[in-house]
$ cat entry_4.tsv   # TSV, C-alpha atoms and all ligand atoms
chain	number	residue	atom	x	y	z
Q	1	MET	CA	23.49	87.58	82.78
Q	2	ILE	CA	26.50	89.11	84.46
Q	3	ALA	CA	29.68	89.04	82.34
Q	4	ASP	CA	32.64	87.03	83.67
Q	5	PHE	CA	35.13	88.72	85.97
Q	6	GLU	CA	38.07	87.90	88.18
Q	7	TYR	CA	37.23	88.28	91.87
Q	8	PHE	CA	39.38	89.62	94.70
Q	9	ALA	CA	38.49	90.00	98.37
Q	10	PRO	CA	41.15	92.19	100.00
Q	11	LYS	CA	41.14	92.48	103.76
Q	12	THR	CA	42.91	95.85	104.03
Q	13	VAL	CA	42.58	99.26	102.40
Q	14	GLU	CA	46.19	99.04	101.19
Q	15	GLU	CA	45.51	95.72	99.46
Q	16	ALA	CA	42.37	97.12	97.80
Q	17	LEU	CA	44.21	100.25	96.65
Q	18	SER	CA	47.07	98.24	95.20
Q	19	LEU	CA	44.57	96.13	93.20
Q	20	LEU	CA	42.84	99.31	91.98
Q	21	SER	CA	46.19	100.78	90.93
Q	22	LYS	CA	47.13	97.59	89.12
Q	23	TYR	CA	43.91	97.13	87.16
Q	24	LYS	CA	42.73	100.77	86.94
Q	25	GLU	CA	39.68	101.29	84.64
Q	26	GLU	CA	39.28	97.52	84.18
Q	27	ALA	CA	38.55	97.08	87.89
Q	28	LYS	CA	35.51	98.06	89.95
Q	29	ILE	CA	34.87	97.96	93.64
Q	30	ILE	CA	31.91	96.09	95.04
Q	31	ALA	CA	30.80	96.65	98.66
Q	32	GLY	CA	27.25	95.49	99.48
Q	33	GLY	CA	26.46	95.01	95.78
Q	34	GLN	CA	22.97	96.47	96.19
Q	35	SER	CA	23.52	98.86	93.27
Q	36	MET	CA	26.60	97.34	91.67
Q	37	LEU	CA	24.93	94.01	90.90
Q	38	VAL	CA	22.02	95.82	89.28
Q	39	VAL	CA	24.28	97.79	86.92
Q	40	MET	CA	26.32	94.65	86.20
Q	41	LYS	CA	23.17	92.70	85.37
Q	42	GLN	CA	22.11	95.53	83.06
Q	43	ARG	CA	25.65	95.42	81.59
Q	44	LEU	CA	26.05	99.13	82.19
Q	45	LEU	CA	29.32	98.03	83.79
Q	46	THR	CA	31.30	94.92	82.83
Q	47	PRO	CA	34.44	95.05	84.98
Q	48	GLU	CA	37.12	92.51	84.26
Q	49	TYR	CA	38.25	92.61	87.90
Q	50	LEU	CA	35.86	92.92	90.82
Q	51	ILE	CA	37.35	94.05	94.12
Q	52	ASP	CA	35.07	93.05	96.98
Q	53	ILE	CA	35.84	95.39	99.90
Q	54	LYS	CA	33.06	94.21	102.22
Q	55	GLY	CA	35.63	92.30	104.31
Q	56	ILE	CA	37.70	95.39	105.16
Q	57	THR	CA	36.42	95.62	108.72
Q	58	ALA	CA	38.67	98.62	109.47
Q	59	LEU	CA	36.26	100.75	107.38
Q	60	ASP	CA	33.21	99.79	109.43
Q	61	TYR	CA	32.94	102.33	112.25
Q	62	ILE	CA	31.02	105.26	113.70
Q	63	LYS	CA	33.07	107.65	115.88
Q	64	TYR	CA	31.99	110.87	117.49
Q	65	ASP	CA	33.45	113.55	119.67
Q	66	GLU	CA	32.23	117.12	119.94
Q	67	LYS	CA	35.45	118.71	118.63
Q	68	GLN	CA	36.16	116.30	115.78
Q	69	GLY	CA	32.53	115.72	114.89
Q	70	LEU	CA	31.19	112.49	113.42
Q	71	LYS	CA	33.29	110.07	111.39
Q	72	ILE	CA	31.66	107.21	109.54
Q	73	GLY	CA	33.70	104.50	107.82
Q	74	ALA	CA	32.70	103.92	104.20
Q	75	LEU	CA	31.72	100.30	104.89
Q	76	THR	CA	29.24	101.14	107.63
Q	77	ILE	CA	25.86	99.71	106.68
Q	78	HIS	CA	22.78	101.95	106.54
Q	79	ARG	CA	21.10	100.06	109.37
Q	80	ALA	CA	24.03	100.78	111.72
Q	81	ILE	CA	23.69	104.51	111.04
Q	82	GLU	CA	19.94	104.33	111.57
Q	83	GLN	CA	20.35	102.54	114.89
Q	84	SER	CA	23.47	104.22	116.28
Q	85	PRO	CA	22.63	105.84	119.64
Q	86	VAL	CA	25.33	108.49	119.12
Q	87	ILE	CA	23.92	109.42	115.69
Q	88	GLN	CA	20.37	109.41	117.03
Q	89	LYS	CA	21.48	111.80	119.79
Q	90	HIS	CA	23.70	114.23	117.84
Q	91	PHE	CA	22.64	113.82	114.19
Q	92	GLY	CA	19.00	112.73	114.40
Q	93	VAL	CA	18.45	113.83	110.80
Q	94	LEU	CA	20.82	111.09	109.61
Q	95	SER	CA	19.16	108.24	111.48
Q	96	ALA	CA	15.69	109.47	110.42
Q	97	MET	CA	16.83	109.64	106.78
Q	98	GLU	CA	18.17	106.08	107.00
Q	99	GLY	CA	14.87	104.88	108.46
Q	100	ASN	CA	13.20	105.69	105.13
Q	101	LEU	CA	15.99	104.40	102.88
Q	102	ALA	CA	14.92	101.21	101.11
Q	103	THR	CA	13.95	98.13	103.11
Q	104	ILE	CA	15.60	96.71	106.23
Q	105	GLN	CA	17.17	93.98	104.07
Q	106	THR	CA	18.88	96.55	101.82
Q	107	ARG	CA	19.86	98.69	104.80
Q	108	ASN	CA	21.37	95.65	106.48
Q	109	TRP	CA	23.79	94.98	103.64
Q	110	GLY	CA	24.20	98.19	101.64
Q	111	THR	CA	26.92	100.55	102.81
Q	112	ILE	CA	26.96	104.31	103.14
Q	113	GLY	CA	30.09	104.48	100.97
Q	114	GLY	CA	28.44	102.41	98.25
Q	115	ASN	CA	25.42	104.68	98.29
Q	116	LEU	CA	27.50	107.84	97.83
Q	117	CYS	CA	29.81	106.27	95.22
Q	118	HIS	CA	26.86	104.98	93.19
Q	119	SER	CA	26.03	108.69	92.79
Q	120	ASP	CA	22.34	108.33	92.08
Q	121	PRO	CA	20.93	111.88	92.26
Q	122	ALA	CA	17.80	110.41	93.87
Q	123	GLY	CA	19.86	108.97	96.76
Q	124	ASP	CA	18.98	110.17	100.25
Q	125	PRO	CA	22.29	110.42	102.15
Q	126	ALA	CA	24.09	112.88	99.83
Q	127	PRO	CA	21.73	115.86	100.27
Q	128	VAL	CA	21.71	115.35	104.04
Q	129	PHE	CA	25.52	115.25	104.15
Q	130	ILE	CA	25.66	118.36	101.95
Q	131	ALA	CA	23.26	120.21	104.28
Q	132	LEU	CA	25.46	119.11	107.21
Q	133	LYS	CA	28.61	120.42	105.45
Q	134	ALA	CA	30.19	116.97	105.43
Q	135	LYS	CA	33.51	116.08	103.84
Q	136	LEU	CA	34.65	112.85	102.20
Q	137	LYS	CA	38.03	111.19	102.57
Q	138	LEU	CA	39.30	109.59	99.36
Q	139	ALA	CA	42.34	107.32	99.51
Q	140	SER	CA	44.79	106.26	96.80
Q	141	PRO	CA	48.13	104.49	97.29
Q	142	GLY	CA	50.21	106.63	99.67
Q	143	ARG	CA	47.80	109.55	99.51
Q	144	GLU	CA	44.56	110.84	100.98
Q	145	ARG	CA	42.52	113.85	99.93
Q	146	ILE	CA	39.49	115.37	101.55
Q	147	ILE	CA	36.75	117.03	99.52
Q	148	GLU	CA	33.42	118.68	100.30
Q	149	ALA	CA	30.52	116.23	99.98
Q	150	GLU	CA	28.87	118.61	97.51
Q	151	GLU	CA	31.89	118.34	95.15
Q	152	PHE	CA	31.76	114.55	94.94
Q	153	SER	CA	29.01	113.80	92.39
Q	154	LYS	CA	29.91	114.98	88.92
Q	155	ASP	CA	26.98	113.65	86.89
Q	156	TYR	CA	24.38	110.86	86.91
Q	157	LEU	CA	26.23	107.80	88.38
Q	158	GLU	CA	29.56	109.65	88.07
Q	159	THR	CA	31.83	110.86	90.84
Q	160	ASP	CA	35.11	112.66	91.37
Q	161	LEU	CA	36.83	109.32	92.22
Q	162	LYS	CA	39.95	108.58	90.16
Q	163	SER	CA	40.46	105.00	88.96
Q	164	ASN	CA	42.98	104.32	91.77
Q	165	GLU	CA	40.89	105.88	94.56
Q	166	MET	CA	38.32	104.68	97.04
Q	167	LEU	CA	36.10	106.44	99.53
Q	168	THR	CA	37.17	105.60	103.07
Q	169	GLU	CA	35.39	108.00	105.42
Q	170	ILE	CA	32.59	110.54	105.74
Q	171	GLN	CA	33.31	113.41	108.15
Q	172	VAL	CA	30.45	115.46	109.55
Q	173	PRO	CA	31.33	118.51	111.65
Q	174	THR	CA	29.42	119.25	114.84
Q	175	PRO	CA	26.86	121.86	113.77
Q	176	PRO	CA	27.19	125.38	115.28
Q	177	PRO	CA	24.86	126.26	118.18
Q	178	HIS	CA	21.24	127.05	117.27
Q	179	THR	CA	21.34	124.84	114.19
Q	180	GLY	CA	18.49	122.60	113.06
Q	181	THR	CA	18.59	120.17	110.14
Q	182	ALA	CA	15.81	118.12	108.54
Q	183	TYR	CA	15.26	115.92	105.49
Q	184	GLU	CA	12.13	114.56	103.87
Q	185	LYS	CA	11.36	113.01	100.52
Q	186	LEU	CA	8.19	112.38	98.57
Q	187	MET	CA	7.71	108.60	98.57
Q	188	VAL	CA	5.08	106.63	96.68
Q	189	MET	CA	5.57	103.95	99.37
Q	190	LYS	CA	7.71	104.05	102.53
Q	191	GLY	CA	11.31	103.23	101.65
Q	192	ASP	CA	11.00	104.21	97.98
Q	193	MET	CA	13.57	106.41	96.30
Q	194	GLY	CA	12.25	109.96	96.55
Q	195	VAL	CA	10.29	111.50	93.70
Q	196	VAL	CA	12.02	114.60	95.06
Q	197	GLY	CA	13.61	115.25	98.45
Q	198	ALA	CA	14.87	118.25	100.39
Q	199	ALA	CA	17.47	118.59	103.13
Q	200	VAL	CA	17.63	121.93	104.95
Q	201	SER	CA	19.98	123.15	107.65
Q	202	ILE	CA	19.34	126.48	109.38
Q	203	THR	CA	21.61	128.25	111.88
Q	204	LEU	CA	20.14	131.14	113.88
Q	205	LYS	CA	22.03	134.01	115.49
Q	206	ALA	CA	21.96	133.81	119.27
Q	207	GLY	CA	19.55	136.27	120.83
Q	208	ASN	CA	17.69	137.73	117.84
Q	209	GLY	CA	16.77	134.59	115.89
Q	210	VAL	CA	17.98	135.98	112.55
Q	211	CYS	CA	19.07	133.31	110.07
Q	212	GLU	CA	22.86	133.28	110.14
Q	213	ASN	CA	23.30	130.45	107.67
Q	214	ALA	CA	21.14	128.15	105.58
Q	215	ARG	CA	22.01	125.18	103.41
Q	216	ILE	CA	19.45	123.57	101.11
Q	217	ALA	CA	20.17	120.41	99.11
Q	218	LEU	CA	17.70	118.62	96.86
Q	219	SER	CA	17.52	115.00	95.72
Q	220	ASN	CA	16.28	113.93	92.29
Q	221	CYS	CA	16.27	117.49	91.03
Q	222	SER	CA	19.30	117.41	88.75
Q	223	SER	CA	21.92	114.93	87.51
Q	224	VAL	CA	23.66	115.37	90.88
Q	225	PRO	CA	22.45	116.15	94.41
Q	226	LEU	CA	21.63	119.84	93.98
Q	227	ARG	CA	22.56	122.63	96.36
Q	228	ALA	CA	19.92	125.36	96.01
Q	229	LYS	CA	22.22	128.30	96.70
Q	230	LYS	CA	19.87	131.02	95.47
Q	231	ALA	CA	17.14	129.78	97.78
Q	232	GLU	CA	19.62	129.75	100.68
Q	233	LYS	CA	20.38	133.43	100.01
Q	234	VAL	CA	16.70	134.29	100.38
Q	235	LEU	CA	16.85	133.13	104.01
Q	236	ILE	CA	20.33	134.24	105.13
Q	237	GLY	CA	20.40	137.48	107.15
Q	238	LYS	CA	16.63	137.61	107.60
Q	239	THR	CA	14.11	136.66	110.23
Q	240	ILE	CA	12.42	133.63	108.74
Q	241	ASN	CA	8.66	133.83	108.43
Q	242	ASN	CA	6.06	132.16	106.28
Q	243	GLY	CA	6.37	134.70	103.45
Q	244	LEU	CA	10.14	134.27	103.30
Q	245	LEU	CA	9.81	130.48	103.23
Q	246	THR	CA	7.41	130.78	100.29
Q	247	LYS	CA	9.91	132.97	98.47
Q	248	ALA	CA	12.72	130.47	99.20
Q	249	ASP	CA	10.69	127.48	98.05
Q	250	GLU	CA	9.76	129.28	94.80
Q	251	VAL	CA	13.41	130.13	94.13
Q	252	ALA	CA	14.47	126.51	94.89
Q	253	ALA	CA	11.93	125.28	92.32
Q	254	THR	CA	13.54	127.50	89.66
Q	255	GLU	CA	16.96	126.04	90.49
Q	256	ALA	CA	15.71	122.46	90.12
Q	257	THR	CA	16.04	120.69	86.76
Q	258	PRO	CA	14.29	117.44	87.72
Q	259	PRO	CA	13.82	114.42	85.47
Q	260	GLU	CA	10.51	113.40	83.96
Q	261	ASP	CA	9.37	109.79	84.41
Q	262	VAL	CA	6.42	107.63	85.45
Q	263	HIS	CA	6.54	109.13	88.95
Q	264	GLY	CA	6.07	112.70	87.82
Q	265	SER	CA	6.52	115.39	85.22
Q	266	VAL	CA	9.06	118.19	85.53
Q	267	GLU	CA	6.24	120.60	86.48
Q	268	TYR	CA	4.88	118.26	89.17
Q	269	ARG	CA	8.34	117.76	90.65
Q	270	ARG	CA	8.96	121.52	90.73
Q	271	GLU	CA	5.68	121.95	92.62
Q	272	MET	CA	6.79	119.21	95.04
Q	273	VAL	CA	10.14	120.98	95.51
Q	274	LYS	CA	8.18	123.99	96.75
Q	275	VAL	CA	6.14	121.85	99.14
Q	276	PHE	CA	9.13	119.97	100.51
Q	277	VAL	CA	11.53	122.90	100.79
Q	278	LYS	CA	8.94	124.83	102.76
Q	279	ARG	CA	7.94	121.89	104.95
Q	280	VAL	CA	11.51	120.82	105.67
Q	281	ALA	CA	12.80	124.38	106.21
Q	282	ARG	CA	10.00	124.94	108.73
Q	283	LEU	CA	11.04	121.80	110.57
Q	284	ALA	CA	14.73	122.78	110.48
Q	285	LEU	CA	13.78	126.23	111.83
Q	286	GLU	CA	11.80	124.72	114.71
Q	287	ARG	CA	14.77	122.50	115.56
Q	288	ALA	CA	17.18	125.46	115.36
Q	289	GLN	CA	14.97	127.44	117.74
Q	290	LYS	CA	15.16	124.59	120.28
Q	291	ALA	CA	18.88	123.80	119.78
Q	301	LIG	C1	15.54	97.75	96.53
Q	301	LIG	C2	16.45	98.93	96.73
Q	301	LIG	C3	15.90	100.11	97.22
Q	301	LIG	C4	16.72	101.23	97.42
Q	301	LIG	N1	16.18	102.38	97.93
Q	301	LIG	C5	16.99	103.44	98.19
Q	301	LIG	C6	16.47	104.64	98.76
Q	301	LIG	O1	15.29	104.76	99.08
Q	301	LIG	N2	17.34	105.67	98.95
Q	301	LIG	C7	18.67	105.59	98.64
Q	301	LIG	O2	19.41	106.55	98.87
Q	301	LIG	N3	19.17	104.45	98.11
Q	301	LIG	C8	18.38	103.39	97.87
Q	301	LIG	N4	18.90	102.25	97.33
Q	301	LIG	C9	20.32	102.23	96.98
Q	301	LIG	C10	21.13	101.64	98.11
Q	301	LIG	O3	21.18	102.54	99.16
Q	301	LIG	C11	22.49	101.41	97.57
Q	301	LIG	O4	22.33	100.41	96.60
Q	301	LIG	C12	23.48	100.90	98.57
Q	301	LIG	O5	23.65	101.78	99.64
Q	301	LIG	C13	24.80	100.79	97.87
Q	301	LIG	O6	25.74	100.30	98.81
Q	301	LIG	P1	26.51	98.98	98.49
Q	301	LIG	O7	27.43	98.78	99.62
Q	301	LIG	O8	25.55	97.88	98.17
Q	301	LIG	O9	27.32	99.45	97.18
Q	301	LIG	P2	27.64	98.63	95.87
Q	301	LIG	O10	26.39	98.32	95.15
Q	301	LIG	O11	28.54	97.50	96.16
Q	301	LIG	O12	28.47	99.74	95.08
Q	301	LIG	C14	27.83	100.85	94.51
Q	301	LIG	C15	28.85	101.68	93.74
Q	301	LIG	O13	29.78	102.27	94.62
Q	301	LIG	C16	31.13	101.84	94.35
Q	301	LIG	N5	31.73	101.70	95.66
Q	301	LIG	C17	31.21	101.08	96.75
Q	301	LIG	N6	31.94	101.33	97.84
Q	301	LIG	C18	32.97	102.12	97.44
Q	301	LIG	C19	34.06	102.74	98.13
Q	301	LIG	N7	34.23	102.63	99.44
Q	301	LIG	N8	34.93	103.49	97.41
Q	301	LIG	C20	34.76	103.64	96.08
Q	301	LIG	N9	33.73	103.10	95.37
Q	301	LIG	C21	32.85	102.35	96.06
Q	301	LIG	C22	30.99	100.58	93.53
Q	301	LIG	O14	32.10	100.41	92.66
Q	301	LIG	C23	29.70	100.88	92.76
Q	301	LIG	O15	29.99	101.72	91.67
Q	301	LIG	C24	18.10	101.13	97.12
Q	301	LIG	C25	18.65	99.94	96.63
Q	301	LIG	C26	17.83	98.84	96.44
Q	301	LIG	C27	18.45	97.58	95.94
$ encode --input "entry_4.tsv" --output "structure tokens"
Amino acid sequence: MIADFEYFAPKTVEEALSLLSKYKEEAKIIAGGQSMLVVMKQRLLTPEYLIDIKGITALDYIKYDEKQGLKIGALTIHRAIEQSPVIQKHFGVLSAMEGNLATIQTRNWGTIGGNLCHSDPAGDPAPVFIALKAKLKLASPGRERIIEAEEFSKDYLETDLKSNEMLTEIQVPTPPPHTGTAYEKLMVMKGDMGVVGAAVSITLKAGNGVCENARIALSNCSSVPLRAKKAEKVLIGKTINNGLLTKADEVAATEATPPEDVHGSVEYRREMVKVFVKRVARLALERAQKA
């Protein structure tokens, strides 16, 4: 049973922020409720005040221009990202990732902001945003701050959000030329949370095909979405070949500290990190070569 709470349904960001400031730690935001209701039913959270932001239509948008990049409002549902023609054209990795996130029903109601703020290290969007060098806009009364997506998760189900802050926007820069990005996760069934997942972005130097930059982020390999910086260094400045990919995937596996549960042991997950980093990096490389 869910504990009693007082319910608010603000229609503007300002209204929501003023409620958050008033009730602070005793209040929690609910958006689509796809994760929030689960933790409330488990009584992991028993907020006295529930601030339902789903009606703030100003935070439901997808905007793109080449200079500014992509901007996604926090209340955009997963299904809209999956189906957005502009995202399919310029950030195909995002729509493909969404296509394997949960079921259509969950994607139709759950929001991208709720996913990131739930801060489940097995979540799919965070590693993709980290590979894409995305930033997050966090608003509090009279103030906004922008942080790197990779700085947002602090621990399992914990974020950098202060009690009077909410996530309002995800900003994804247009990738440099000759960049390819890919994401895949190991699923027991399509739409499952990943046993492990890997997002890789590779930028090649024009002309000689040397790897100018690489970003590798792993899901379900730590208490937060994990950037595998040592593995990235294996690739940067080199011409990527099969041997180098093997070295990078082995290094990524040493950086991973995955959980152990019914879906796999730590050792199994580390082996799967190798498989997925290599597979996904190869795909990102192919895309970079065509970009
Ligand atoms: C059956 C099922 C399968 C799933 N499978 C996957 C999967 O394969 N991959 C995956 O990545 N996810 C998966 N999920 C998780 C799902 O993506 C998230 O539950 C959903 O996106 C959360 O969005 P929401 O709008 O429902 O957030 P809510 O559940 O309403 O909120 C989640 C958390 O975020 C906070 N919050 C929400 N919005 C904001 C905001 N704008 N600012 C500050 N705090 C905020 C809430 O306070 C709460 O702590 C699955 C969920 C279900 C139920």
$ residues_near_point --input "entry_4.tsv" --point "(41.4, 102.8, 92.2)" --cutoff "10 Å" --atoms "all atoms listed in the file" --output "list in words"
Ala16, Leu17, Ser18, Leu19, Leu20, Ser21, Lys22, Tyr23, Lys24, Glu25, Glu26, Ala27, Lys28, Ile29, Ile51, Ala139, Ser140, Pro141, Leu161, Lys162, Ser163, Asn164, Glu165, Met166 and Leu167 of chain Q
$ residues_around --input "entry_4.tsv" --residues "Tyr7 (chain Q)" --least-positions-apart "4" --cutoff "10 Å" --atoms "all atoms listed in the file" --output "number ranges by chain"
Q: 27, 30, 48-52
$ closest_atom_pairs --input "entry_4.tsv" --of "chain Q" --to "ligand LIG 301 (chain Q)" --cutoff "8 Å" --atoms "all atoms listed in the file" --output "CSV"
residue,atom,partner,partner_atom,distance
Q:Lys28,CA,Q:LIG301,O14,4.9
Q:Ile29,CA,Q:LIG301,O14,3.8
Q:Ile30,CA,Q:LIG301,O11,3.8
Q:Ala31,CA,Q:LIG301,O11,3.5
Q:Gly32,CA,Q:LIG301,O8,3.2
Q:Gly33,CA,Q:LIG301,O11,3.3
Q:Gln34,CA,Q:LIG301,O8,3.5
Q:Ser35,CA,Q:LIG301,O10,3.5
Q:Met36,CA,Q:LIG301,O10,3.6
Q:Leu37,CA,Q:LIG301,O10,6.2
Q:Val38,CA,Q:LIG301,O10,7.7
Q:Asp52,CA,Q:LIG301,O11,7.9
Q:Ile53,CA,Q:LIG301,N6,7.4
Q:Lys54,CA,Q:LIG301,O7,7.7
Q:Ala74,CA,Q:LIG301,N7,5.2
Q:Leu75,CA,Q:LIG301,N7,6.4
Q:Ile77,CA,Q:LIG301,O7,7.3
Q:His78,CA,Q:LIG301,O5,7.0
Q:Asn100,CA,Q:LIG301,O1,6.5
Q:Leu101,CA,Q:LIG301,O1,3.9
Q:Ala102,CA,Q:LIG301,N1,3.6
Q:Thr103,CA,Q:LIG301,C3,6.5
Q:Thr106,CA,Q:LIG301,C26,5.9
Q:Arg107,CA,Q:LIG301,O3,7.0
Q:Trp109,CA,Q:LIG301,O8,6.4
Q:Gly110,CA,Q:LIG301,O8,3.7
Q:Thr111,CA,Q:LIG301,O7,3.7
Q:Ile112,CA,Q:LIG301,O5,5.4
Q:Gly113,CA,Q:LIG301,N7,4.8
Q:Gly114,CA,Q:LIG301,O9,3.3
Q:Asn115,CA,Q:LIG301,O5,3.7
Q:Leu116,CA,Q:LIG301,O13,6.8
Q:Cys117,CA,Q:LIG301,O13,4.0
Q:His118,CA,Q:LIG301,C15,3.9
Q:Ser119,CA,Q:LIG301,C15,7.6
Q:Asp120,CA,Q:LIG301,O2,7.6
Q:Ala122,CA,Q:LIG301,O2,6.5
Q:Gly123,CA,Q:LIG301,O2,3.2
Q:Asp124,CA,Q:LIG301,O2,3.9
Q:Pro125,CA,Q:LIG301,O2,5.8
Q:Ala126,CA,Q:LIG301,O2,7.9
Q:Leu138,CA,Q:LIG301,N8,7.8
Q:Leu157,CA,Q:LIG301,O15,7.9
Q:Leu161,CA,Q:LIG301,C20,7.2
Q:Glu165,CA,Q:LIG301,C20,6.7
Q:Met166,CA,Q:LIG301,N8,3.6
Q:Leu167,CA,Q:LIG301,N8,3.8
Q:Thr168,CA,Q:LIG301,N7,5.5
Q:Gly191,CA,Q:LIG301,O1,5.0
Q:Asp192,CA,Q:LIG301,O1,4.5
Q:Met193,CA,Q:LIG301,O1,3.7
Q:Gly194,CA,Q:LIG301,O1,6.5
$ closest_residue --input "entry_4.tsv" --among "Q:Thr46, Q:Asn242, Q:Asn213, Q:Thr12" --to "Gly180 (chain Q)" --atoms "only C-alpha atoms"
Q:Asn213
$ closest_residue --input "entry_4.tsv" --among "Q:Glu98, Q:Asp261, Q:Glu255, Q:Glu250" --to "Tyr183 (chain Q)" --atoms "only C-alpha atoms"
Q:Glu98
$ closest_residue --input "entry_4.tsv" --among "Q:Leu45, Q:Val196, Q:Ala131, Q:Ala281" --to "Ser265 (chain Q)" --atoms "only C-alpha atoms"
Q:Val196
$ residues_around --input "entry_4.tsv" --residues "Glu148 (chain Q)" --least-positions-apart "3" --cutoff "8 Å" --atoms "all atoms listed in the file" --output "ChimeraX atom specification"
/Q:130,133-136,151-152
$ residues_around --input "entry_4.tsv" --residues "region 65-67 of chain Q" --least-positions-apart "2" --cutoff "10 Å" --atoms "only C-alpha atoms" --output "PDB file with C-alpha atoms, in the frame of the given file"
ATOM      1  CA  LYS Q  63      33.070 107.650 115.880  1.00  0.00           C
ATOM      2  CA  GLY Q  69      32.530 115.720 114.890  1.00  0.00           C
ATOM      3  CA  LEU Q  70      31.190 112.490 113.420  1.00  0.00           C
ATOM      4  CA  LYS Q  71      33.290 110.070 111.390  1.00  0.00           C
ATOM      5  CA  VAL Q  86      25.330 108.490 119.120  1.00  0.00           C
ATOM      6  CA  HIS Q  90      23.700 114.230 117.840  1.00  0.00           C
ATOM      7  CA  PRO Q 173      31.330 118.510 111.650  1.00  0.00           C
ATOM      8  CA  THR Q 174      29.420 119.250 114.840  1.00  0.00           C
ATOM      9  CA  PRO Q 175      26.860 121.860 113.770  1.00  0.00           C
TER      10      PRO Q 175
END
$ atom_distance --input "entry_4.tsv" --atom1 "CA of Ile170 (chain Q)" --atom2 "CA of Ala96 (chain Q)"
17.6 Å
$ atom_distance --input "entry_4.tsv" --atom1 "CA of Thr181 (chain Q)" --atom2 "CA of Ala228 (chain Q)"
15.1 Å
$ atom_distance --input "entry_4.tsv" --atom1 "CA of Leu186 (chain Q)" --atom2 "CA of Leu94 (chain Q)"
16.8 Å
$ residues_near_point --input "entry_4.tsv" --point "(12.9, 125.7, 109.3)" --cutoff "9 Å" --atoms "all atoms listed in the file" --output "MDAnalysis selection string"
chainID Q and resid 180:182 200:202 240 245 278:289
$ write_last_selection --input "entry_4.tsv" --atoms "C-alpha atoms" --output "mmCIF file, in the coordinates of the input"
data_model
loop_
_atom_site.group_PDB
_atom_site.id
_atom_site.type_symbol
_atom_site.label_atom_id
_atom_site.label_comp_id
_atom_site.auth_asym_id
_atom_site.auth_seq_id
_atom_site.Cartn_x
_atom_site.Cartn_y
_atom_site.Cartn_z
ATOM 1 C CA GLY Q 180 18.490 122.600 113.060
ATOM 2 C CA THR Q 181 18.590 120.170 110.140
ATOM 3 C CA ALA Q 182 15.810 118.120 108.540
ATOM 4 C CA VAL Q 200 17.630 121.930 104.950
ATOM 5 C CA SER Q 201 19.980 123.150 107.650
ATOM 6 C CA ILE Q 202 19.340 126.480 109.380
ATOM 7 C CA ILE Q 240 12.420 133.630 108.740
ATOM 8 C CA LEU Q 245 9.810 130.480 103.230
ATOM 9 C CA LYS Q 278 8.940 124.830 102.760
ATOM 10 C CA ARG Q 279 7.940 121.890 104.950
ATOM 11 C CA VAL Q 280 11.510 120.820 105.670
ATOM 12 C CA ALA Q 281 12.800 124.380 106.210
ATOM 13 C CA ARG Q 282 10.000 124.940 108.730
ATOM 14 C CA LEU Q 283 11.040 121.800 110.570
ATOM 15 C CA ALA Q 284 14.730 122.780 110.480
ATOM 16 C CA LEU Q 285 13.780 126.230 111.830
ATOM 17 C CA GLU Q 286 11.800 124.720 114.710
ATOM 18 C CA ARG Q 287 14.770 122.500 115.560
ATOM 19 C CA ALA Q 288 17.180 125.460 115.360
ATOM 20 C CA GLN Q 289 14.970 127.440 117.740
#
$ closest_residue --input "entry_4.tsv" --among "Q:Val251, Q:Met187, Q:Met40, Q:Leu59" --to "Lys274 (chain Q)" --atoms "only C-alpha atoms"
Q:Val251
$ closest_residue --input "entry_4.tsv" --among "Q:Lys89, Q:Arg79, Q:Arg43, Q:Lys154" --to "Ser223 (chain Q)" --atoms "all atoms listed in the file"
Q:Lys154
$ residues_around --input "entry_4.tsv" --residues "Gly264 (chain Q)" --least-positions-apart "5" --cutoff "9 Å" --atoms "only C-alpha atoms" --output "NGL selection string"
:Q and (195 or 259 or 269)
$ residues_around --input "entry_4.tsv" --residues "Val224 (chain Q)" --least-positions-apart "6" --cutoff "7 Å" --atoms "all atoms listed in the file" --output "PyMOL selection string"
chain Q and resi 121+153-156
$ write_last_selection --input "entry_4.tsv" --atoms "C-alpha atoms" --output "PDB file, keeping the file's coordinate frame"
ATOM      1  CA  PRO Q 121      20.930 111.880  92.260  1.00  0.00           C
ATOM      2  CA  SER Q 153      29.010 113.800  92.390  1.00  0.00           C
ATOM      3  CA  LYS Q 154      29.910 114.980  88.920  1.00  0.00           C
ATOM      4  CA  ASP Q 155      26.980 113.650  86.890  1.00  0.00           C
ATOM      5  CA  TYR Q 156      24.380 110.860  86.910  1.00  0.00           C
TER       6      TYR Q 156
END
